[in-house]
file query_12.txt (compact mmCIF, C-alpha atoms)
# COMPACT_ATOMS: atom_id res chain seq x y z
CA MET A 2 68.16 118.16 58.90
CA ARG A 3 69.20 120.01 55.76
CA ARG A 4 70.07 117.51 53.06
CA LEU A 5 71.82 117.87 49.70
CA CYS A 6 71.67 115.29 46.91
CA THR A 7 74.53 115.21 44.43
CA ILE A 8 74.56 113.38 41.11
CA CYS A 9 77.91 113.28 39.32
CA ALA A 10 77.98 112.36 35.63
CA ARG A 11 80.92 112.57 33.24
CA GLY A 12 80.44 113.30 29.57
CA GLY A 13 82.87 110.60 28.48
CA SER A 14 82.52 106.84 28.91
CA LYS A 15 84.57 104.05 27.42
CA GLY A 16 82.29 101.14 28.33
CA VAL A 17 79.01 102.67 27.10
CA LYS A 18 79.47 105.71 24.87
CA GLY A 19 77.43 108.70 26.04
CA LYS A 20 75.63 106.53 28.60
CA ASN A 21 74.48 109.31 30.93
CA LEU A 22 72.38 110.80 28.14
CA ARG A 23 71.34 107.57 26.47
CA LEU A 24 67.58 107.06 26.49
CA LEU A 25 66.22 104.49 28.91
CA LEU A 26 62.45 104.04 28.86
CA GLY A 27 62.17 107.32 27.01
CA LYS A 28 64.29 109.42 29.39
CA PRO A 29 68.05 110.14 29.51
CA LEU A 30 69.77 107.84 31.99
CA ILE A 31 70.69 110.69 34.35
CA ALA A 32 67.05 111.86 34.48
CA HIS A 33 66.00 108.74 36.40
CA SER A 34 68.24 109.61 39.38
CA ILE A 35 67.20 113.28 39.35
CA LEU A 36 63.51 112.35 39.35
CA GLN A 37 64.01 109.80 42.15
CA ALA A 38 65.75 112.43 44.29
CA LEU A 39 62.93 114.91 43.70
CA GLU A 40 60.23 112.30 44.31
CA SER A 41 61.77 111.34 47.66
CA LYS A 42 61.09 114.86 48.99
CA LEU A 43 64.11 114.40 51.26
CA PHE A 44 66.33 117.09 49.82
CA ASP A 45 66.57 120.82 50.16
CA ALA A 46 68.44 120.83 46.85
CA VAL A 47 69.58 118.47 44.09
CA ALA A 48 72.94 119.32 42.50
CA VAL A 49 74.32 117.80 39.30
CA SER A 50 78.03 117.89 38.53
CA SER A 51 79.41 117.30 35.04
CA ASP A 52 82.11 118.32 32.59
CA SER A 53 79.46 118.17 29.85
CA GLU A 54 77.27 121.19 29.09
CA GLU A 55 74.76 118.87 27.43
CA ILE A 56 74.41 116.81 30.62
CA LEU A 57 74.05 119.95 32.72
CA GLU A 58 71.36 121.31 30.41
CA THR A 59 69.51 117.98 30.55
CA ALA A 60 69.76 118.05 34.36
CA ARG A 61 68.22 121.54 34.38
CA GLU A 62 65.36 120.35 32.16
CA TYR A 63 64.56 117.52 34.60
CA GLY A 64 64.50 119.71 37.68
CA ALA A 65 68.00 119.84 39.19
CA HIS A 66 68.33 122.91 41.41
CA VAL A 67 72.08 123.48 41.07
CA LEU A 68 74.38 122.87 38.11
CA VAL A 69 78.09 122.46 38.83
CA ARG A 70 80.74 122.52 36.10
CA ARG A 71 83.21 119.80 37.04
CA PRO A 72 86.92 120.58 36.46
CA ASP A 73 88.41 118.54 33.62
CA ALA A 74 90.99 117.03 35.98
CA MET A 75 88.13 115.43 37.93
CA ALA A 76 86.47 114.03 34.81
CA THR A 77 89.12 111.66 33.45
CA ASP A 78 88.77 107.87 33.22
CA THR A 79 91.12 107.47 36.19
CA ALA A 80 89.71 110.21 38.43
CA ALA A 81 88.29 109.12 41.79
CA LYS A 82 84.67 109.96 42.54
CA ALA A 83 85.00 111.33 46.08
CA PRO A 84 86.84 114.51 44.99
CA ALA A 85 84.10 115.23 42.43
CA ILE A 86 81.40 114.83 45.10
CA TYR A 87 83.39 117.08 47.46
CA HIS A 88 83.74 119.73 44.76
CA CYS A 89 80.01 119.51 43.95
CA LEU A 90 79.06 119.86 47.63
CA LEU A 91 81.17 122.98 48.18
CA GLU A 92 80.08 124.59 44.92
CA ALA A 93 76.41 123.90 45.66
CA GLU A 94 76.76 125.39 49.13
CA ARG A 95 78.53 128.43 47.69
CA LYS A 96 75.84 128.99 45.04
CA LEU A 97 72.98 128.48 47.48
CA GLY A 98 74.56 130.31 50.41
CA ALA A 99 73.71 127.36 52.65
CA THR A 100 75.40 124.58 54.60
CA PHE A 101 73.93 121.08 54.66
CA GLU A 102 74.08 118.49 57.41
CA VAL A 103 73.58 115.34 55.31
CA LEU A 104 75.09 114.62 51.90
CA VAL A 105 73.61 111.95 49.62
CA ASP A 106 75.15 110.93 46.31
CA LEU A 107 73.10 108.97 43.77
CA ASP A 108 75.06 107.24 41.03
CA ALA A 109 73.54 108.06 37.65
CA THR A 110 74.43 104.58 36.38
CA ALA A 111 72.27 102.80 38.99
CA PRO A 112 68.69 103.68 37.96
CA LEU A 113 67.10 100.49 39.30
CA ARG A 114 66.98 101.82 42.86
CA LEU A 115 63.59 102.83 44.24
CA VAL A 116 62.74 105.93 46.25
CA VAL A 117 62.22 103.64 49.25
CA ASP A 118 65.92 102.69 49.02
CA ILE A 119 66.99 106.33 49.20
CA VAL A 120 64.69 106.94 52.15
CA GLY A 121 65.94 103.80 53.90
CA ALA A 122 69.63 104.62 53.47
CA VAL A 123 69.18 108.18 54.74
CA SER A 124 67.07 106.98 57.67
CA LEU A 125 69.75 104.43 58.62
CA LEU A 126 72.37 107.18 58.84
CA GLU A 127 70.20 109.58 60.79
CA LYS A 128 68.97 106.96 63.25
CA THR A 129 72.30 105.30 63.98
CA GLY A 130 74.61 108.29 64.18
CA GLY A 131 77.42 106.75 62.11
CA ALA A 132 79.72 108.55 59.71
CA ASN A 133 78.15 107.23 56.51
CA VAL A 134 76.08 104.57 54.79
CA ILE A 135 76.76 102.67 51.57
CA THR A 136 74.44 100.30 49.72
CA GLY A 137 74.98 96.74 48.57
CA ALA A 138 73.33 93.45 47.68
CA PRO A 139 74.07 89.96 49.04
CA ALA A 140 77.24 88.76 47.34
CA ARG A 141 76.86 86.06 44.71
CA LYS A 142 80.29 84.67 45.61
CA SER A 143 81.72 84.37 49.11
CA PRO A 144 85.42 85.15 49.68
CA TYR A 145 85.31 82.54 52.47
CA PHE A 146 83.90 79.79 50.28
CA ASN A 147 84.06 80.18 46.48
CA LEU A 148 85.83 83.44 45.60
CA VAL A 149 89.48 82.79 44.77
CA GLU A 150 92.55 84.78 43.81
CA LEU A 151 96.03 84.06 42.49
CA ASN A 152 98.90 84.31 44.95
CA PRO A 153 102.35 85.67 43.94
CA GLN A 154 103.39 82.16 42.90
CA GLY A 155 100.45 81.93 40.49
CA PHE A 156 98.50 79.36 42.54
CA VAL A 157 94.82 79.66 43.43
CA GLN A 158 93.69 80.25 46.99
CA LEU A 159 90.54 81.44 48.74
CA SER A 160 90.41 85.23 49.00
CA LYS A 161 89.73 84.94 52.74
CA SER A 162 90.87 81.91 54.69
CA PRO A 163 88.53 81.22 57.63
CA PRO A 164 90.00 79.76 60.85
CA VAL A 165 87.77 76.70 60.39
CA ALA A 166 87.02 75.21 56.98
CA ILE A 167 83.58 76.14 55.62
CA VAL A 168 81.87 73.44 53.59
CA ARG A 169 78.60 75.27 52.87
CA ARG A 170 78.30 78.80 51.53
CA GLN A 171 75.38 79.36 53.91
CA ASP A 172 77.74 78.90 56.87
CA SER A 173 80.13 81.67 55.82
CA PRO A 174 79.87 85.23 57.17
CA ARG A 175 77.41 87.39 55.22
CA CYS A 176 79.15 89.31 52.45
CA PHE A 177 77.83 91.97 50.09
CA ASP A 178 78.57 93.36 46.66
CA MET A 179 78.73 97.14 46.70
CA ASN A 180 76.19 98.26 44.14
CA ALA A 181 77.40 101.87 43.72
CA SER A 182 73.83 103.12 44.03
CA ILE A 183 73.49 105.36 47.11
CA TYR A 184 76.10 106.95 49.37
CA VAL A 185 75.09 108.92 52.47
CA TRP A 186 77.47 110.97 54.65
CA ARG A 187 77.35 113.30 57.58
CA ARG A 188 78.71 116.45 56.02
CA GLU A 189 81.27 117.29 58.69
CA VAL A 190 82.80 113.82 58.45
CA PHE A 191 83.00 113.87 54.66
CA VAL A 192 84.44 117.38 54.45
CA ALA A 193 87.11 116.52 57.02
CA GLU A 194 88.11 113.39 55.10
CA PRO A 195 86.32 112.68 51.79
CA LYS A 196 86.26 108.89 51.39
CA ILE A 197 83.96 105.87 51.28
CA PHE A 198 85.00 103.78 54.28
CA TYR A 199 85.29 104.91 57.89
CA SER A 200 85.51 102.86 61.07
CA ASP A 201 81.74 103.10 61.55
CA THR A 202 80.48 102.82 57.96
CA ARG A 203 77.13 101.03 57.74
CA LEU A 204 75.46 99.17 54.89
CA PHE A 205 71.88 99.48 53.67
CA GLU A 206 70.92 96.21 51.98
CA MET A 207 69.19 96.25 48.61
CA PRO A 208 67.98 93.26 46.57
CA GLU A 209 69.95 92.04 43.58
CA GLU A 210 67.26 93.09 41.12
CA ARG A 211 67.75 96.75 42.14
CA SER A 212 71.55 96.60 42.26
CA GLN A 213 72.70 96.45 38.63
CA ASP A 214 75.23 99.16 37.77
CA ILE A 215 75.81 100.15 34.14
CA ASP A 216 79.44 99.77 33.04
CA THR A 217 79.02 97.83 29.79
CA GLU A 218 76.56 97.48 26.91
CA LEU A 219 75.41 94.19 28.45
CA ASP A 220 74.71 95.99 31.73
CA PHE A 221 72.61 98.55 29.86
CA ASP A 222 70.58 95.79 28.21
CA ILE A 223 70.00 94.06 31.56
CA VAL A 224 68.90 97.29 33.24
CA ARG A 225 66.55 98.09 30.37
CA LEU A 226 65.02 94.62 30.56
CA LEU A 227 64.49 94.87 34.34
CA MET A 228 62.99 98.34 34.10
CA GLU A 229 60.64 97.29 31.29
CA ARG A 230 59.56 94.30 33.37
CA ARG A 231 58.92 96.56 36.36
CA GLN A 232 56.99 99.06 34.23
CA ASN A 233 54.81 96.31 32.75
CA GLY A 234 54.05 94.92 36.19

call {"tool": "encode", "arguments": {"input": "query_12.txt", "output": "structure tokens"}}
result
Amino acid sequence: MRRLCTICARGGSKGVKGKNLRLLLGKPLIAHSILQALESKLFDAVAVSSDSEEILETAREYGAHVLVRRPDAMATDTAAKAPAIYHCLLEAERKLGATFEVLVDLDATAPLRLVVDIVGAVSLLEKTGGANVITGAPARKSPYFNLVELNPQGFVQLSKSPPVAIVRRQDSPRCFDMNASIYVWRREVFVAEPKIFYSDTRLFEMPEERSQDIDTELDFDIVRLLMERRQNG
């Protein structure tokens, strides 16, 4: 199968200023995802989408095959990610004169993934025949047991009320935190309706220590600590 990897990285960030270019173990944050995609040897091409010329130039330096200038309207703080991935896919296909069968998006802010996670998520899609695969880690809180929300009256209630009371977290249905690390789609499904969840979406499970996403300065410190620990063995 012909596979395309997209990596979408905005120039702006409120939580961590300039995070996609901030150095992490001596490399810009975005470089880690590019190098993982290349190391996997799964992809016919790796495309990077950004509204920042500096990010695009950095992506070129680290081996990205296609650089896509993202429209400003798709690079705001409130812009959804799926349209940016869709735009990147079509632009990459136009520039390369090719059509891909499998689309994989790696989030630049999730550098703790391993190549084996990318391979596993892609393999799950291609072996099962579903529309897409997302990644996640076992949830730290269960909506059936100890995750609560406020109702319209301002009172606390369980987020999901099971038909029979659950007294141990271990007895509740397995739940996962999406880790925003790897998304895999069949191209024809995504192009017809670009979104994250379909009726046959599957999940590739990753451990918590590879599932930290960078949204805040604290997240960045945690990721750096975990990567340094991994590097030092």

call {"tool": "atom_distance", "arguments": {"input": "query_12.txt", "atom1": "atom CA of A:Ala111", "atom2": "atom CA of A:Arg187"}}
result
21.9 Å

call {"tool": "residues_around", "arguments": {"input": "query_12.txt", "residues": "stretch 205-213 of chain A", "least_positions_apart": "2", "cutoff": "10 Å", "atoms": "all atoms listed in the file", "output": "PyMOL selection string"}}
result
chain A and resi 110-115+118-119+121-126+134-141+177-184+203+215-216+220-221+223-224+227-228

call {"tool": "closest_residue", "arguments": {"input": "query_12.txt", "among": "A:Ala48, A:Ile197, A:Leu204, A:Val190", "to": "A:Leu97", "atoms": "all atoms listed in the file"}}
result
A:Ala48

call {"tool": "atom_distance", "arguments": {"input": "query_12.txt", "atom1": "atom CA of A:Tyr63", "atom2": "atom CA of A:Arg95"}}
result
22.0 Å

call {"tool": "atom_distance", "arguments": {"input": "query_12.txt", "atom1": "atom CA of A:Glu194", "atom2": "atom CA of A:Leu104"}}
result
13.5 Å

call {"tool": "residues_near_point", "arguments": {"input": "query_12.txt", "point": "(71.1, 112.9, 51.4)", "cutoff": "6 Å", "atoms": "only C-alpha atoms", "output": "number ranges by chain"}}
result
A: 4-6, 103-105, 185

call {"tool": "residues_near_point", "arguments": {"input": "query_12.txt", "point": "(74.6, 118.9, 35.7)", "cutoff": "12 Å", "atoms": "all atoms listed in the file", "output": "JSON list (two decimals) with C-alpha atoms, keeping the file's coordinate frame"}}
result
[["chain", "number", "residue", "atom", "x", "y", "z"],
["A", 7, "THR", "CA", 74.53, 115.21, 44.43],
["A", 8, "ILE", "CA", 74.56, 113.38, 41.11],
["A", 9, "CYS", "CA", 77.91, 113.28, 39.32],
["A", 10, "ALA", "CA", 77.98, 112.36, 35.63],
["A", 11, "ARG", "CA", 80.92, 112.57, 33.24],
["A", 12, "GLY", "CA", 80.44, 113.30, 29.57],
["A", 21, "ASN", "CA", 74.48, 109.31, 30.93],
["A", 22, "LEU", "CA", 72.38, 110.80, 28.14],
["A", 31, "ILE", "CA", 70.69, 110.69, 34.35],
["A", 32, "ALA", "CA", 67.05, 111.86, 34.48],
["A", 34, "SER", "CA", 68.24, 109.61, 39.38],
["A", 35, "ILE", "CA", 67.20, 113.28, 39.35],
["A", 47, "VAL", "CA", 69.58, 118.47, 44.09],
["A", 48, "ALA", "CA", 72.94, 119.32, 42.50],
["A", 49, "VAL", "CA", 74.32, 117.80, 39.30],
["A", 50, "SER", "CA", 78.03, 117.89, 38.53],
["A", 51, "SER", "CA", 79.41, 117.30, 35.04],
["A", 52, "ASP", "CA", 82.11, 118.32, 32.59],
["A", 53, "SER", "CA", 79.46, 118.17, 29.85],
["A", 54, "GLU", "CA", 77.27, 121.19, 29.09],
["A", 55, "GLU", "CA", 74.76, 118.87, 27.43],
["A", 56, "ILE", "CA", 74.41, 116.81, 30.62],
["A", 57, "LEU", "CA", 74.05, 119.95, 32.72],
["A", 58, "GLU", "CA", 71.36, 121.31, 30.41],
["A", 59, "THR", "CA", 69.51, 117.98, 30.55],
["A", 60, "ALA", "CA", 69.76, 118.05, 34.36],
["A", 61, "ARG", "CA", 68.22, 121.54, 34.38],
["A", 62, "GLU", "CA", 65.36, 120.35, 32.16],
["A", 63, "TYR", "CA", 64.56, 117.52, 34.60],
["A", 64, "GLY", "CA", 64.50, 119.71, 37.68],
["A", 65, "ALA", "CA", 68.00, 119.84, 39.19],
["A", 66, "HIS", "CA", 68.33, 122.91, 41.41],
["A", 67, "VAL", "CA", 72.08, 123.48, 41.07],
["A", 68, "LEU", "CA", 74.38, 122.87, 38.11],
["A", 69, "VAL", "CA", 78.09, 122.46, 38.83],
["A", 70, "ARG", "CA", 80.74, 122.52, 36.10],
["A", 71, "ARG", "CA", 83.21, 119.80, 37.04],
["A", 89, "CYS", "CA", 80.01, 119.51, 43.95],
["A", 93, "ALA", "CA", 76.41, 123.90, 45.66],
["A", 109, "ALA", "CA", 73.54, 108.06, 37.65]]

call {"tool": "closest_residue", "arguments": {"input": "query_12.txt", "among": "A:Gly27, A:Pro174, A:Pro164, A:Pro195", "to": "A:Ile86", "atoms": "all atoms listed in the file"}}
result
A:Pro195

call {"tool": "closest_residue", "arguments": {"input": "query_12.txt", "among": "A:Gln171, A:Asp106, A:Leu26, A:Ser143", "to": "A:Ala85", "atoms": "only C-alpha atoms"}}
result
A:Asp106

call {"tool": "closest_residue", "arguments": {"input": "query_12.txt", "among": "A:Val168, A:Leu91, A:Leu24, A:Val17", "to": "A:Arg225", "atoms": "only C-alpha atoms"}}
result
A:Leu24

call {"tool": "closest_residue", "arguments": {"input": "query_12.txt", "among": "A:Glu94, A:Glu102, A:Glu150, A:Asp108", "to": "A:Arg188", "atoms": "all atoms listed in the file"}}
result
A:Glu102

call {"tool": "closest_residue", "arguments": {"input": "query_12.txt", "among": "A:Val116, A:Met75, A:Ala80, A:Leu90", "to": "A:Gln37", "atoms": "all atoms listed in the file"}}
result
A:Val116

call {"tool": "axis_aligned_box", "arguments": {"input": "query_12.txt", "around": "stretch 180-197 of chain A", "padding_each_side": "5 Å", "output": "AutoDock Vina command-line options"}}
result
--center_x 80.8 --center_y 107.8 --center_z 51.2 --size_x 24.6 --size_y 29.1 --size_z 25.0
